[in-house]
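File shown: final.txt. Contents: compact mmCIF, C-alpha atoms and all ligand atoms.
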# COMPACT_ATOMS: atom_id res chain seq x y z
CA MET U 1119 0.00 0.00 0.00
CA ALA U 1120 1.44 3.39 -0.88
CA ARG U 1121 0.04 6.88 -0.90
CA THR U 1122 1.51 10.05 -2.22
CA LEU U 1123 1.15 13.25 -0.33
CA CYS U 1124 2.59 16.66 -0.76
CA ILE U 1125 3.71 18.37 2.34
CA ALA U 1126 4.48 22.06 2.35
CA ASN U 1127 5.50 22.61 5.96
CA SER U 1128 5.21 19.65 8.18
CA PHE U 1129 3.07 16.61 8.71
CA ARG U 1130 2.20 14.08 11.29
CA ILE U 1131 2.38 10.38 10.90
CA GLN U 1132 0.26 8.57 13.43
CA SER U 1133 0.18 4.87 13.96
CA ARG U 1134 -2.24 3.26 16.41
CA LYS U 1135 0.08 3.96 19.31
CA THR U 1136 2.46 6.63 18.27
CA SER U 1137 2.42 9.93 16.57
CA VAL U 1138 5.46 11.66 15.20
CA LEU U 1139 5.64 15.13 13.80
CA VAL U 1140 8.03 15.41 10.89
CA ALA U 1141 8.90 19.01 10.27
CA TYR U 1142 9.49 20.19 6.75
CA PRO U 1143 12.79 21.99 7.44
CA PHE U 1144 14.10 18.76 8.93
CA CYS U 1145 12.90 16.68 5.99
CA SER U 1146 14.20 19.11 3.46
CA ALA U 1147 17.67 18.55 4.87
CA TYR U 1148 17.47 15.14 3.28
CA ALA U 1149 18.57 15.03 -0.28
CA SER U 1150 15.99 14.45 -2.94
CA ASN U 1151 14.85 10.83 -3.13
CA SER U 1152 16.16 10.00 0.32
CA SER U 1153 13.86 8.41 2.84
CA LEU U 1154 13.15 8.18 6.53
CA SER U 1155 11.46 5.41 8.44
CA VAL U 1156 9.27 6.04 11.43
CA PHE U 1157 7.65 3.17 13.30
CA GLY U 1158 7.42 0.98 10.25
CA ILE U 1159 6.12 3.79 8.07
CA ARG U 1160 8.55 4.71 5.39
CA ALA U 1161 8.39 8.23 4.00
CA GLU U 1162 10.24 8.73 0.76
CA ILE U 1163 11.08 12.20 -0.29
CA VAL U 1164 10.87 12.83 -3.99
CA THR U 1165 10.98 16.06 -5.90
CA ASN U 1166 8.66 16.96 -8.69
CA SER U 1167 11.18 18.56 -10.98
CA ILE U 1168 8.57 20.57 -12.88
CA SER U 1169 6.98 22.26 -9.91
CA ASN U 1170 9.96 21.91 -7.56
CA THR U 1171 7.61 20.52 -4.98
CA LEU U 1172 8.59 17.89 -2.48
CA TYR U 1173 6.38 14.85 -2.26
CA PHE U 1174 6.45 12.16 0.38
CA VAL U 1175 5.62 8.67 -0.73
CA ILE U 1176 4.31 7.00 2.36
CA GLN U 1177 4.60 3.24 2.49
CA LEU U 1178 2.99 1.10 5.12
CA LYS U 1179 5.18 -1.70 6.42
CA SER U 1180 3.67 -4.92 7.76
CA ARG U 1181 4.12 -4.13 11.48
CA VAL U 1182 1.69 -1.21 11.50
CA LYS U 1183 -1.90 -2.00 10.63
CA ASN U 1184 -3.45 1.45 10.72
CA PHE U 1185 -2.08 4.87 10.32
CA SER U 1186 -3.31 8.27 9.39
CA ILE U 1187 -1.51 11.26 8.04
CA TYR U 1188 -2.41 14.67 9.28
CA ALA U 1189 -1.56 17.71 7.28
CA ARG U 1190 -1.47 21.09 8.96
CA PRO U 1191 -4.29 23.41 7.86
CA SER U 1192 -1.90 25.59 5.88
CA ILE U 1193 -0.91 22.65 3.74
CA GLY U 1194 -2.56 22.34 0.39
CA TYR U 1195 -3.77 18.83 -0.23
CA LEU U 1196 -5.76 18.13 -3.34
CA GLY U 1197 -6.56 14.54 -4.11
CA GLY U 1198 -2.97 13.44 -3.66
CA TYR U 1199 -1.55 16.42 -5.57
CA ALA U 1200 0.69 19.16 -4.44
CA LEU U 1201 -1.06 22.47 -4.32
CA LYS U 1202 1.50 25.18 -4.04
CA VAL U 1203 -0.35 28.45 -4.20
CA TYR U 1204 1.74 31.36 -5.49
CA ARG U 1205 0.89 34.76 -4.07
CA GLU U 1206 2.31 38.23 -4.61
CA ASN U 1207 5.41 37.73 -2.48
CA ASP U 1208 6.33 34.46 -4.20
CA VAL U 1209 6.65 35.91 -7.68
CA ALA U 1210 8.62 38.68 -9.36
CA LEU U 1211 7.91 40.55 -12.57
CA ASP U 1212 11.54 40.29 -13.73
CA ALA U 1213 10.89 37.75 -16.48
CA LEU U 1214 8.71 40.31 -18.29
CA THR U 1215 10.82 43.39 -17.66
CA GLY U 1216 11.65 45.21 -20.88
CA LYS U 1217 9.53 42.87 -22.98
CA THR U 1218 6.76 43.82 -25.38
CA ILE U 1219 3.51 41.94 -25.00
CA ALA U 1220 1.23 41.27 -27.96
CA ILE U 1221 -2.41 40.88 -27.00
CA LEU U 1222 -3.81 38.93 -29.95
CA GLY U 1223 -7.56 39.52 -29.85
CA TYR U 1224 -9.28 42.39 -28.08
CA GLY U 1225 -12.45 40.82 -26.70
CA ILE U 1226 -13.55 39.76 -23.22
CA GLN U 1227 -10.10 38.72 -21.97
CA GLY U 1228 -7.99 40.75 -24.41
CA ARG U 1229 -9.36 44.13 -23.38
CA ALA U 1230 -9.00 43.39 -19.66
CA GLN U 1231 -5.51 41.92 -19.89
CA ALA U 1232 -4.23 44.68 -22.18
CA ALA U 1233 -5.44 47.33 -19.69
CA ASN U 1234 -3.81 45.50 -16.76
CA PHE U 1235 -0.47 45.28 -18.58
CA LYS U 1236 -0.70 48.94 -19.58
CA ASP U 1237 -1.38 50.01 -15.99
CA GLY U 1238 1.57 47.87 -14.91
CA GLY U 1239 3.82 49.91 -17.19
CA PHE U 1240 4.37 47.22 -19.85
CA ASP U 1241 4.77 47.88 -23.53
CA VAL U 1242 1.65 46.46 -25.19
CA VAL U 1243 0.67 46.04 -28.82
CA VAL U 1244 -2.81 44.79 -29.69
CA GLY U 1245 -3.01 42.50 -32.69
CA GLY U 1246 -6.20 41.78 -34.62
CA ARG U 1247 -8.07 41.88 -37.87
CA PRO U 1248 -9.43 45.21 -39.05
CA GLY U 1249 -12.79 45.88 -37.44
CA LYS U 1250 -14.70 46.91 -34.38
CA SER U 1251 -12.48 45.49 -31.66
CA LEU U 1252 -9.23 46.76 -33.14
CA GLU U 1253 -10.89 50.17 -33.46
CA GLN U 1254 -11.83 49.95 -29.77
CA ALA U 1255 -8.22 49.13 -28.85
CA ARG U 1256 -7.08 52.22 -30.75
CA LYS U 1257 -9.66 54.36 -28.90
CA ASP U 1258 -8.42 52.89 -25.61
CA GLY U 1259 -4.99 54.26 -26.46
CA PHE U 1260 -3.21 51.10 -27.61
CA GLN U 1261 -0.79 50.69 -30.43
CA THR U 1262 -2.53 48.29 -32.86
CA ALA U 1263 -1.33 46.08 -35.70
CA SER U 1264 -2.20 43.02 -37.72
CA PHE U 1265 -1.72 39.69 -35.94
CA GLN U 1266 1.54 39.16 -37.88
CA ASP U 1267 2.99 42.60 -37.18
CA ALA U 1268 2.06 42.50 -33.50
CA ALA U 1269 3.72 39.08 -33.15
CA LYS U 1270 6.79 40.35 -35.00
CA LYS U 1271 7.22 43.27 -32.57
CA ALA U 1272 6.58 41.42 -29.32
CA HIS U 1273 8.40 38.94 -27.10
CA VAL U 1274 5.30 37.50 -25.44
CA LEU U 1275 2.37 36.51 -27.68
CA SER U 1276 -0.91 36.12 -25.82
CA MET U 1277 -3.60 34.21 -27.74
CA LEU U 1278 -6.86 35.89 -26.77
CA VAL U 1279 -9.11 35.17 -29.73
CA PRO U 1280 -11.86 32.52 -29.35
CA ASP U 1281 -10.37 29.02 -29.01
CA ILE U 1282 -11.98 27.71 -32.14
CA VAL U 1283 -10.28 30.32 -34.37
CA GLN U 1284 -6.86 30.06 -32.74
CA SER U 1285 -5.44 27.62 -35.29
CA GLY U 1286 -6.06 30.17 -38.08
CA VAL U 1287 -4.57 33.03 -36.07
CA PHE U 1288 -1.62 30.87 -35.05
CA GLU U 1289 -0.78 30.13 -38.71
CA GLN U 1290 -0.45 33.89 -39.21
CA ILE U 1291 1.89 34.44 -36.28
CA LYS U 1292 3.85 31.17 -36.55
CA PRO U 1293 6.75 32.66 -38.57
CA HIS U 1294 7.36 35.13 -35.70
CA ALA U 1295 7.03 32.75 -32.74
CA ALA U 1296 10.59 31.40 -32.62
CA GLY U 1297 12.44 32.31 -29.42
CA LYS U 1298 9.31 33.85 -27.89
CA THR U 1299 6.66 32.88 -25.36
CA LEU U 1300 3.25 31.79 -26.58
CA VAL U 1301 0.61 32.27 -23.87
CA PHE U 1302 -2.82 30.60 -23.83
CA ALA U 1303 -5.75 31.43 -21.54
CA HIS U 1304 -7.38 28.02 -21.94
CA GLY U 1305 -5.91 24.54 -22.40
CA SER U 1306 -8.02 23.26 -25.30
CA PRO U 1307 -6.14 24.57 -28.37
CA ILE U 1308 -2.94 22.81 -27.29
CA HIS U 1309 -4.48 19.81 -25.57
CA PHE U 1310 -6.76 18.94 -28.49
CA GLY U 1311 -4.00 19.68 -30.96
CA TRP U 1312 -5.58 22.49 -33.00
CA VAL U 1313 -2.49 24.59 -32.41
CA LYS U 1314 0.81 22.80 -32.88
CA PRO U 1315 3.70 25.14 -32.17
CA GLU U 1316 7.12 24.13 -33.39
CA ASN U 1317 9.76 23.24 -30.86
CA ASN U 1318 11.27 26.70 -31.04
CA CYS U 1319 9.24 28.70 -28.52
CA ASP U 1320 7.99 28.49 -24.93
CA VAL U 1321 4.33 27.48 -24.66
CA VAL U 1322 2.53 28.30 -21.43
CA LEU U 1323 -0.94 28.60 -19.98
CA VAL U 1324 -2.35 31.30 -17.70
CA ALA U 1325 -6.03 30.52 -17.28
CA PRO U 1326 -8.06 32.90 -15.11
CA SER U 1327 -11.08 31.39 -13.38
CA GLY U 1328 -13.20 34.39 -14.14
CA PRO U 1329 -14.49 36.58 -16.94
CA GLY U 1330 -12.63 39.61 -18.33
CA LYS U 1331 -14.57 42.07 -16.15
CA LYS U 1332 -13.41 40.27 -13.03
CA VAL U 1333 -9.84 40.08 -14.38
CA ARG U 1334 -9.88 43.86 -14.68
CA SER U 1335 -11.74 44.70 -11.45
CA GLY U 1336 -9.62 42.17 -9.52
CA PHE U 1337 -6.48 43.94 -10.78
CA LEU U 1338 -7.84 47.36 -9.83
CA ASP U 1339 -9.17 46.51 -6.38
CA GLU U 1340 -6.27 44.12 -5.65
CA THR U 1341 -8.43 41.06 -4.99
CA GLY U 1342 -7.35 39.28 -8.20
CA VAL U 1343 -8.85 36.16 -9.73
CA VAL U 1344 -7.70 32.62 -9.00
CA ALA U 1345 -5.79 31.32 -12.01
CA THR U 1346 -3.99 28.16 -13.04
CA PHE U 1347 -0.76 28.04 -14.96
CA ALA U 1348 1.09 25.35 -16.88
CA VAL U 1349 4.18 24.92 -18.99
CA HIS U 1350 3.75 22.83 -22.14
CA GLN U 1351 7.07 23.60 -23.77
CA ASP U 1352 10.13 25.16 -22.19
CA VAL U 1353 12.70 25.94 -24.86
CA SER U 1354 14.29 28.93 -23.14
CA GLY U 1355 14.64 27.25 -19.78
CA SER U 1356 12.79 30.17 -18.19
CA ALA U 1357 9.19 29.46 -19.26
CA ARG U 1358 8.13 28.93 -15.67
CA GLN U 1359 9.43 32.33 -14.53
CA THR U 1360 7.73 33.98 -17.52
CA VAL U 1361 4.37 32.35 -16.90
CA LEU U 1362 4.45 33.26 -13.20
CA SER U 1363 5.44 36.85 -14.03
CA TYR U 1364 2.56 37.02 -16.52
CA ALA U 1365 0.08 35.81 -13.87
CA HIS U 1366 1.55 38.28 -11.37
CA ALA U 1367 1.35 41.20 -13.80
CA GLN U 1368 -2.36 40.40 -14.29
CA GLY U 1369 -2.92 40.59 -10.53
CA PHE U 1370 -3.88 36.91 -10.32
CA THR U 1371 -1.41 36.42 -7.47
CA TYR U 1372 -3.60 38.66 -5.26
CA ALA U 1373 -6.04 35.74 -5.21
CA GLY U 1374 -3.47 32.98 -5.82
CA VAL U 1375 -2.26 30.94 -8.77
CA PHE U 1376 -1.37 27.27 -8.89
CA GLU U 1377 0.18 24.88 -11.34
CA SER U 1378 -1.90 22.52 -13.43
CA SER U 1379 -1.59 21.19 -16.97
CA PHE U 1380 -3.16 22.10 -20.31
CA ARG U 1381 -5.04 18.79 -20.22
CA ASP U 1382 -6.48 19.18 -16.73
CA GLU U 1383 -7.46 22.78 -17.30
CA ALA U 1384 -9.11 22.02 -20.64
CA VAL U 1385 -11.01 18.95 -19.47
CA CYS U 1386 -12.13 20.27 -16.07
CA ASP U 1387 -13.20 23.60 -17.55
CA LEU U 1388 -15.27 22.02 -20.34
CA PHE U 1389 -16.74 19.35 -18.08
CA GLY U 1390 -17.70 21.92 -15.41
CA GLU U 1391 -19.43 24.10 -17.99
CA GLN U 1392 -21.39 21.18 -19.39
CA ALA U 1393 -22.16 19.20 -16.25
CA ILE U 1394 -22.89 22.11 -13.92
CA LEU U 1395 -22.48 25.72 -14.86
CA CYS U 1396 -24.14 26.07 -18.26
CA GLY U 1397 -25.68 22.60 -18.67
CA GLY U 1398 -26.66 20.53 -15.65
CA VAL U 1399 -27.87 23.27 -13.32
CA PRO U 1400 -29.97 25.09 -15.98
CA GLU U 1401 -31.54 21.76 -16.96
CA LEU U 1402 -32.38 20.97 -13.33
CA ILE U 1403 -33.98 24.41 -13.03
CA ARG U 1404 -36.05 23.93 -16.22
CA GLN U 1405 -37.32 20.54 -15.11
CA SER U 1406 -38.05 21.63 -11.52
CA TYR U 1407 -39.92 24.71 -12.74
CA ASP U 1408 -41.99 22.57 -15.13
CA VAL U 1409 -42.87 20.11 -12.34
CA LEU U 1410 -44.22 22.91 -10.15
CA VAL U 1411 -46.17 24.66 -12.91
CA LYS U 1412 -47.68 21.38 -14.13
CA ARG U 1413 -49.05 20.80 -10.61
CA GLY U 1414 -50.80 24.17 -10.78
CA TYR U 1415 -48.40 26.40 -8.81
CA SER U 1416 -48.05 29.97 -10.02
CA LYS U 1417 -45.30 30.62 -12.52
CA GLU U 1418 -43.91 33.45 -10.41
CA MET U 1419 -43.64 31.26 -7.32
CA ALA U 1420 -42.08 28.49 -9.39
CA TYR U 1421 -39.50 30.93 -10.77
CA LEU U 1422 -38.65 32.37 -7.37
CA GLY U 1423 -38.41 28.92 -5.79
CA THR U 1424 -36.23 27.31 -8.42
CA LEU U 1425 -34.08 30.04 -9.92
CA TYR U 1426 -34.10 33.39 -8.18
CA GLU U 1427 -32.65 32.21 -4.87
CA LEU U 1428 -29.78 30.48 -6.60
CA ARG U 1429 -27.60 33.60 -6.52
CA ALA U 1430 -27.47 33.77 -2.72
CA LEU U 1431 -27.04 30.01 -2.43
CA THR U 1432 -24.25 29.69 -4.99
CA GLN U 1433 -22.42 32.50 -3.24
CA MET U 1434 -22.53 30.34 -0.11
CA TYR U 1435 -21.31 27.28 -2.05
CA VAL U 1436 -18.31 29.25 -3.20
CA GLU U 1437 -17.56 31.08 0.03
CA LYS U 1438 -18.41 28.41 2.61
CA GLY U 1439 -18.47 25.10 0.73
CA LEU U 1440 -21.47 22.81 0.34
CA ASP U 1441 -21.27 21.86 4.03
CA GLY U 1442 -21.11 25.53 5.07
CA MET U 1443 -24.13 26.29 2.90
CA LEU U 1444 -26.12 23.49 4.54
CA GLU U 1445 -25.20 24.84 7.98
CA ASN U 1446 -26.29 28.35 7.07
CA VAL U 1447 -29.75 27.70 5.64
CA SER U 1448 -32.91 27.00 7.64
CA SER U 1449 -33.06 23.60 9.32
CA ALA U 1450 -35.85 22.53 6.96
CA ALA U 1451 -33.77 23.54 3.94
CA GLY U 1452 -30.71 21.75 5.30
CA TYR U 1453 -32.62 18.58 6.19
CA GLY U 1454 -34.57 18.65 2.90
CA GLY U 1455 -31.43 19.17 0.89
CA LEU U 1456 -29.56 16.36 2.57
CA MET U 1457 -32.48 13.91 2.34
CA GLN U 1458 -33.99 14.75 -1.02
CA GLY U 1459 -31.04 15.88 -3.11
CA LYS U 1460 -30.20 12.28 -3.92
CA GLU U 1461 -33.86 11.64 -4.82
CA ALA U 1462 -33.74 14.50 -7.32
CA VAL U 1463 -30.35 13.56 -8.78
CA GLY U 1464 -29.91 9.82 -8.49
CA PRO U 1465 -27.00 7.47 -9.12
CA GLU U 1466 -27.91 7.20 -12.80
CA THR U 1467 -26.83 10.84 -13.14
CA LYS U 1468 -23.27 9.84 -12.31
CA LYS U 1469 -23.26 7.43 -15.24
CA ARG U 1470 -24.49 10.22 -17.49
CA LEU U 1471 -21.83 12.55 -16.14
CA GLU U 1472 -19.21 9.95 -16.95
CA LYS U 1473 -20.50 9.88 -20.53
CA VAL U 1474 -20.24 13.69 -20.66
CA LEU U 1475 -16.65 13.40 -19.39
CA ASP U 1476 -15.89 10.61 -21.91
CA ASP U 1477 -16.98 12.90 -24.73
CA VAL U 1478 -14.81 15.73 -23.46
CA GLU U 1479 -11.77 13.52 -22.90
CA SER U 1480 -11.98 11.70 -26.20
CA GLY U 1481 -12.29 14.95 -28.15
CA ALA U 1482 -15.74 13.90 -29.46
CA PHE U 1483 -17.32 17.03 -27.98
CA MET U 1484 -14.64 19.27 -29.48
CA ASN U 1485 -15.01 17.66 -32.91
CA ALA U 1486 -18.75 18.28 -32.81
CA PHE U 1487 -18.15 21.86 -31.67
CA SER U 1488 -15.60 22.43 -34.39
CA ASN U 1489 -18.07 21.27 -37.08
CA GLU U 1490 -20.77 23.44 -35.51
CA SER U 1491 -18.50 26.47 -35.67
CA LYS U 1492 -17.46 25.81 -39.29
CA ASN U 1493 -21.16 25.92 -40.25
CA ASP U 1494 -21.78 29.15 -38.31
CA PHE U 1495 -23.42 27.50 -35.28
CA PRO U 1496 -26.76 26.27 -36.70
CA GLU U 1497 -27.65 23.99 -33.75
CA THR U 1498 -26.59 26.58 -31.18
CA LYS U 1499 -28.80 29.19 -32.84
CA ARG U 1500 -31.77 26.82 -33.13
CA LEU U 1501 -31.54 25.65 -29.51
CA LEU U 1502 -31.07 29.20 -28.26
CA GLU U 1503 -34.26 30.28 -30.07
CA GLU U 1504 -36.09 27.36 -28.42
CA GLU U 1505 -34.62 28.36 -25.06
CA LYS U 1506 -35.95 31.89 -25.37
CA GLU U 1507 -39.47 30.52 -25.89
CA LYS U 1508 -39.36 28.35 -22.77
CA ASP U 1509 -41.84 29.27 -20.07
CA VAL U 1510 -39.20 29.58 -17.35
CA ASN U 1511 -37.38 32.25 -19.37
CA ARG U 1512 -40.51 34.18 -20.31
CA THR U 1513 -41.61 34.18 -16.68
CA GLY U 1514 -38.10 35.18 -15.65
CA ALA U 1515 -38.09 38.17 -18.00
CA ARG U 1516 -41.44 39.31 -16.62
CA VAL U 1517 -40.46 38.83 -12.97
CA ARG U 1518 -37.12 40.63 -13.42
CA LYS U 1519 -38.92 43.59 -14.97
CA GLN U 1520 -41.73 43.69 -12.40
CA PHE U 1521 -39.38 43.49 -9.43
CA LYS U 1522 -36.52 45.43 -11.02
CA LEU U 1523 -34.19 42.48 -10.38
N1 LIG B 1 -14.39 34.88 -21.85
C1 LIG B 1 -13.78 34.71 -20.69
O1 LIG B 1 -14.09 35.32 -19.70
C2 LIG B 1 -12.64 33.73 -20.58
C3 LIG B 1 -12.25 33.27 -19.31
C4 LIG B 1 -11.12 32.46 -19.22
C5 LIG B 1 -10.42 32.11 -20.36
N2 LIG B 1 -10.86 32.56 -21.57
C6 LIG B 1 -10.07 32.21 -22.75
O2 LIG B 1 -9.54 33.43 -23.28
C7 LIG B 1 -9.39 33.31 -24.71
C8 LIG B 1 -10.14 34.46 -25.36
O3 LIG B 1 -11.52 34.29 -25.06
P1 LIG B 1 -12.51 35.54 -25.11
O4 LIG B 1 -13.81 35.05 -24.55
O5 LIG B 1 -11.85 36.73 -24.48
O6 LIG B 1 -12.63 35.75 -26.66
P2 LIG B 1 -13.60 36.78 -27.43
O7 LIG B 1 -14.03 37.89 -26.53
O8 LIG B 1 -14.70 36.02 -28.09
O9 LIG B 1 -12.58 37.33 -28.54
C9 LIG B 1 -12.95 38.34 -29.34
C10 LIG B 1 -11.75 38.82 -30.11
O10 LIG B 1 -11.34 37.81 -31.05
C11 LIG B 1 -11.41 38.37 -32.38
N3 LIG B 1 -11.88 37.35 -33.31
C12 LIG B 1 -13.02 36.64 -33.26
N4 LIG B 1 -13.10 35.78 -34.31
C13 LIG B 1 -11.99 36.00 -35.05
C14 LIG B 1 -11.47 35.42 -36.25
N5 LIG B 1 -12.15 34.49 -36.90
N6 LIG B 1 -10.29 35.89 -36.72
C15 LIG B 1 -9.62 36.83 -36.07
N7 LIG B 1 -10.04 37.41 -34.92
C16 LIG B 1 -11.20 36.99 -34.41
C17 LIG B 1 -12.42 39.49 -32.27
O11 LIG B 1 -12.21 40.39 -33.31
P3 LIG B 1 -13.45 41.07 -34.08
O12 LIG B 1 -13.97 42.11 -33.18
O13 LIG B 1 -12.84 41.55 -35.31
O14 LIG B 1 -14.49 39.97 -34.29
C18 LIG B 1 -12.06 40.06 -30.90
O15 LIG B 1 -10.91 40.85 -30.99
C19 LIG B 1 -9.92 31.94 -25.06
O16 LIG B 1 -8.85 31.05 -25.08
C20 LIG B 1 -10.85 31.60 -23.90
O17 LIG B 1 -11.04 30.21 -23.69
C21 LIG B 1 -11.92 33.36 -21.72
Could you rewrite the structure in this file as structure tokens?
Ligand SMILES: NC(=O)c1ccc[n+]([C@@H]2O[C@H](COP(=O)([O-])OP(=O)(O)OC[C@H]3O[C@@H](n4cnc5c(N)ncnc54)[C@H](OP(=O)(O)O)[C@@H]3O)[C@@H](O)[C@H]2O)c1
Amino acid sequence: MARTLCIANSFRIQSRKTSVLVAYPFCSAYASNSSLSVFGIRAEIVTNSISNTLYFVIQLKSRVKNFSIYARPSIGYLGGYALKVYRENDVALDALTGKTIAILGYGIQGRAQAANFKDGGFDVVVGGRPGKSLEQARKDGFQTASFQDAAKKAHVLSMLVPDIVQSGVFEQIKPHAAGKTLVFAHGSPIHFGWVKPENNCDVVLVAPSGPGKKVRSGFLDETGVVATFAVHQDVSGSARQTVLSYAHAQGFTYAGVFESSFRDEAVCDLFGEQAILCGGVPELIRQSYDVLVKRGYSKEMAYLGTLYELRALTQMYVEKGLDGMLENVSSAAGYGGLMQGKEAVGPETKKRLEKVLDDVESGAFMNAFSNESKNDFPETKRLLEEEKEKDVNRTGARVRKQFKL
């Protein structure tokens, strides 16, 4: 039996009889890949060379039947992964000093990130095709250029056009990518292989967990947005410093940034959108609303009961966790949620969720999406029209207007 844990400061190994605190400074005195044995529990120290994090591989020897490992509260522990959270004091801007940054695409993320870099005193050029957004960039006081010219001028090329068009934009900037850093804000283009950079540039990910407005307001009010980063290709040997400096310059370190991979970011992001954020929860609302209305309850009450209160509740999910939410609602709501949630969403849902995840992982979803986009989104448009006609949305529009919500 072996488990892998990451320990940032110290940890406690406890057998049935004995507990020993192993302090990180003490352990770190051991060379990488050395080990220590405590009461039949062998802790091997290994270093993850990519993230420079120490891991302890804990092995249970025959003499000890039970043991538990306690991590101190400050220690990040995520399903057996290291979670080193980088904050302002952990990161410097040096890797970007004196460099020009090309913001390729001036939309939701592009406009916010360009403004943050500008306020941070960086030299920014906005690249794009002629049109509305490039015009906006000019009005906002940025130097603008074609994708090619912007890439030619800059050292850091940030891909901020929609994912599905990135392969086309990348073909235009490819001749100017050598020796530079290519930055992505989402893992899909690299993970699913739409963009295949040559082995002559650094390729990194800085993915904010929030929309452009929050990226900008988080920079201004110094609260930041949690972001993940990853290094796909490190030709210069300094890709990691560059990606951390980029995240820092965007103010993401106010909230905290941590290392992931293009694959994990792409898959978890797409799955979360489909299973919960934009798919599963809206579908549960539609069906719950329909059940109430079909039984003769007023549409307004059905809307308030199934959708309106979600804002306050989801804020609690995020700020206090699901357990904290259940502790902070009325006792009837807590009891009802705990007892009936599984009635509403049964074990068969898990099987369906696995199918959703299979489609994301295999690339089947992305292939379908790519075909949809090539044909100018016919299914998306049709389903959106149907959505607008749904009773829950018509009632919602009326209620929001009546109550000035
Ligand atoms: N949206 C978010 O909040 C968010 C959050 C996290 C990560 N991300 C990631 O950030 C990246 C950018 O997403 P976004 O939502 O910010 O994109 P977006 O707002 O949809 O991007 C719009 C920009 O892309 C340009 N553009 C659109 N289609 C184009 C094409 N065919 N050829 C050339 N330029 C084109 C637009 O120019 P025109 O005005 O000329 O059309 C505009 O400058 C993506 O990788 C996304 O996954 C986004």
(request) Measuring atom to atom with all atoms listed in the file, identify which of U:Gln1359, U:Val1283, U:Ala1393, U:Tyr1453 is nearest to Lys1492 in chain U. (result) U:Val1283
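The nearest approach to Phe1260 in chain U among the residues U:Leu1523, U:Arg1518, U:Asp1281, U:Tyr1224, with all atoms listed in the file taken into account, belongs to U:Tyr1224.
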(message) What residues of the protein or nucleic acid chains come within 6 Å of ligand LIG 1 (chain B) when you use all atoms listed in the file? Reply as a list in words.
(response)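 Residues lying within 6 Å of ligand LIG 1 (chain B): Gly1223, Tyr1224, Gly1225, Ile1226, Gln1227, Gly1228, Gly1246, Arg1247, Gly1249, Lys1250, Ser1251, Leu1278, Val1279, Pro1280, Asp1281, Val1283, Ala1303, His1304, Ala1325, Pro1326, Ser1327, Gly1328, Pro1329 and Gly1330 of chain U.
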Neighbouring residues of Thr1341 in chain U were defined as those with any atom within 10 Å, considering all atoms listed in the file; residues of the same chain fewer than 5 positions away were excluded. Please report them as an mmCIF file with C-alpha atoms, keeping the file's coordinate frame.
data_model
loop_
_atom_site.group_PDB
_atom_site.id
_atom_site.type_symbol
_atom_site.label_atom_id
_atom_site.label_comp_id
_atom_site.auth_asym_id
_atom_site.auth_seq_id
_atom_site.Cartn_x
_atom_site.Cartn_y
_atom_site.Cartn_z
ATOM 1 C CA LYS U 1332 -13.410 40.270 -13.030
ATOM 2 C CA VAL U 1333 -9.840 40.080 -14.380
ATOM 3 C CA SER U 1335 -11.740 44.700 -11.450
ATOM 4 C CA GLY U 1336 -9.620 42.170 -9.520
ATOM 5 C CA GLY U 1369 -2.920 40.590 -10.530
ATOM 6 C CA PHE U 1370 -3.880 36.910 -10.320
ATOM 7 C CA THR U 1371 -1.410 36.420 -7.470
ATOM 8 C CA TYR U 1372 -3.600 38.660 -5.260
ATOM 9 C CA ALA U 1373 -6.040 35.740 -5.210
ATOM 10 C CA GLY U 1374 -3.470 32.980 -5.820
#
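Of the listed residues (U:Glu1316, U:Glu1340, U:Asp1387, U:Glu1461), U:Glu1316 comes nearest to Ile1291 in chain U; the distances count all atoms listed in the file.
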(request) Name the residues in contact with range 1509-1515 of chain U at a cut-off of 12 Å, using all atoms listed in the file, excluding same-chain residues fewer than 4 positions from it; report them as a PyMOL selection string. (result) chain U and resi 1400-1412+1416-1426+1502-1505+1519-1523
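Among the candidate residues U:Gly1481, U:Asp1352, U:Val1287, U:Gln1433, the one lying nearest to Gly1311 in chain U is U:Gly1481, with distances computed using only C-alpha atoms.
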(request) For CA of Asn1317 in chain U and CA of Asn1234 in chain U, quote the distance in Å rounded to one decimal. (result)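 Separation of CA of Asn1317 in chain U and CA of Asn1234 in chain U: 29.6 Å.
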(request) To one decimal in Å, tell me the separation between CA of Phe1376 in chain U and CA of Val1478 in chain U. (result)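 Calculated distance between CA of Phe1376 in chain U and CA of Val1478 in chain U is 22.9 Å.
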(message) Need the shell around range 1235-1245 of chain U: protein/DNA/RNA residues with any atom at most 8 Å away, counting only C-alpha atoms. Skip same-chain ones fewer than 2 positions apart. Format as JSON, numbers by chain?
(response) {"U": [1215, 1216, 1217, 1218, 1219, 1220, 1221, 1222, 1223, 1224, 1231, 1232, 1233, 1247, 1252, 1255, 1260, 1261, 1262, 1263, 1264, 1265, 1266, 1267, 1268, 1269, 1272, 1367, 1368]}
(request) For CA of Ser1363 in chain U and CA of Gln1290 in chain U, quote the distance in Å rounded to one decimal. (result)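 Straight-line distance from CA of Ser1363 in chain U to CA of Gln1290 in chain U works out to 26.0 Å.
Nearest-residue note for Gly1305 in chain U: choosing from U:Asp1258, U:Val1385, U:Leu1362, U:His1273, the minimum distance belongs to U:Val1385, counting all atoms listed in the file.
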(message) Which polymer residues, whether protein, DNA or RNA, lie within 12 Å of the coordinate (14.5, 35.2, -13.0) when you count all atoms listed in the file? List them as JSON, numbers by chain, using the chain letters and numbers from the file.
(response) {"U": [1209, 1210, 1211, 1212, 1213, 1214, 1215, 1354, 1355, 1356, 1357, 1358, 1359, 1360, 1361, 1362, 1363]}
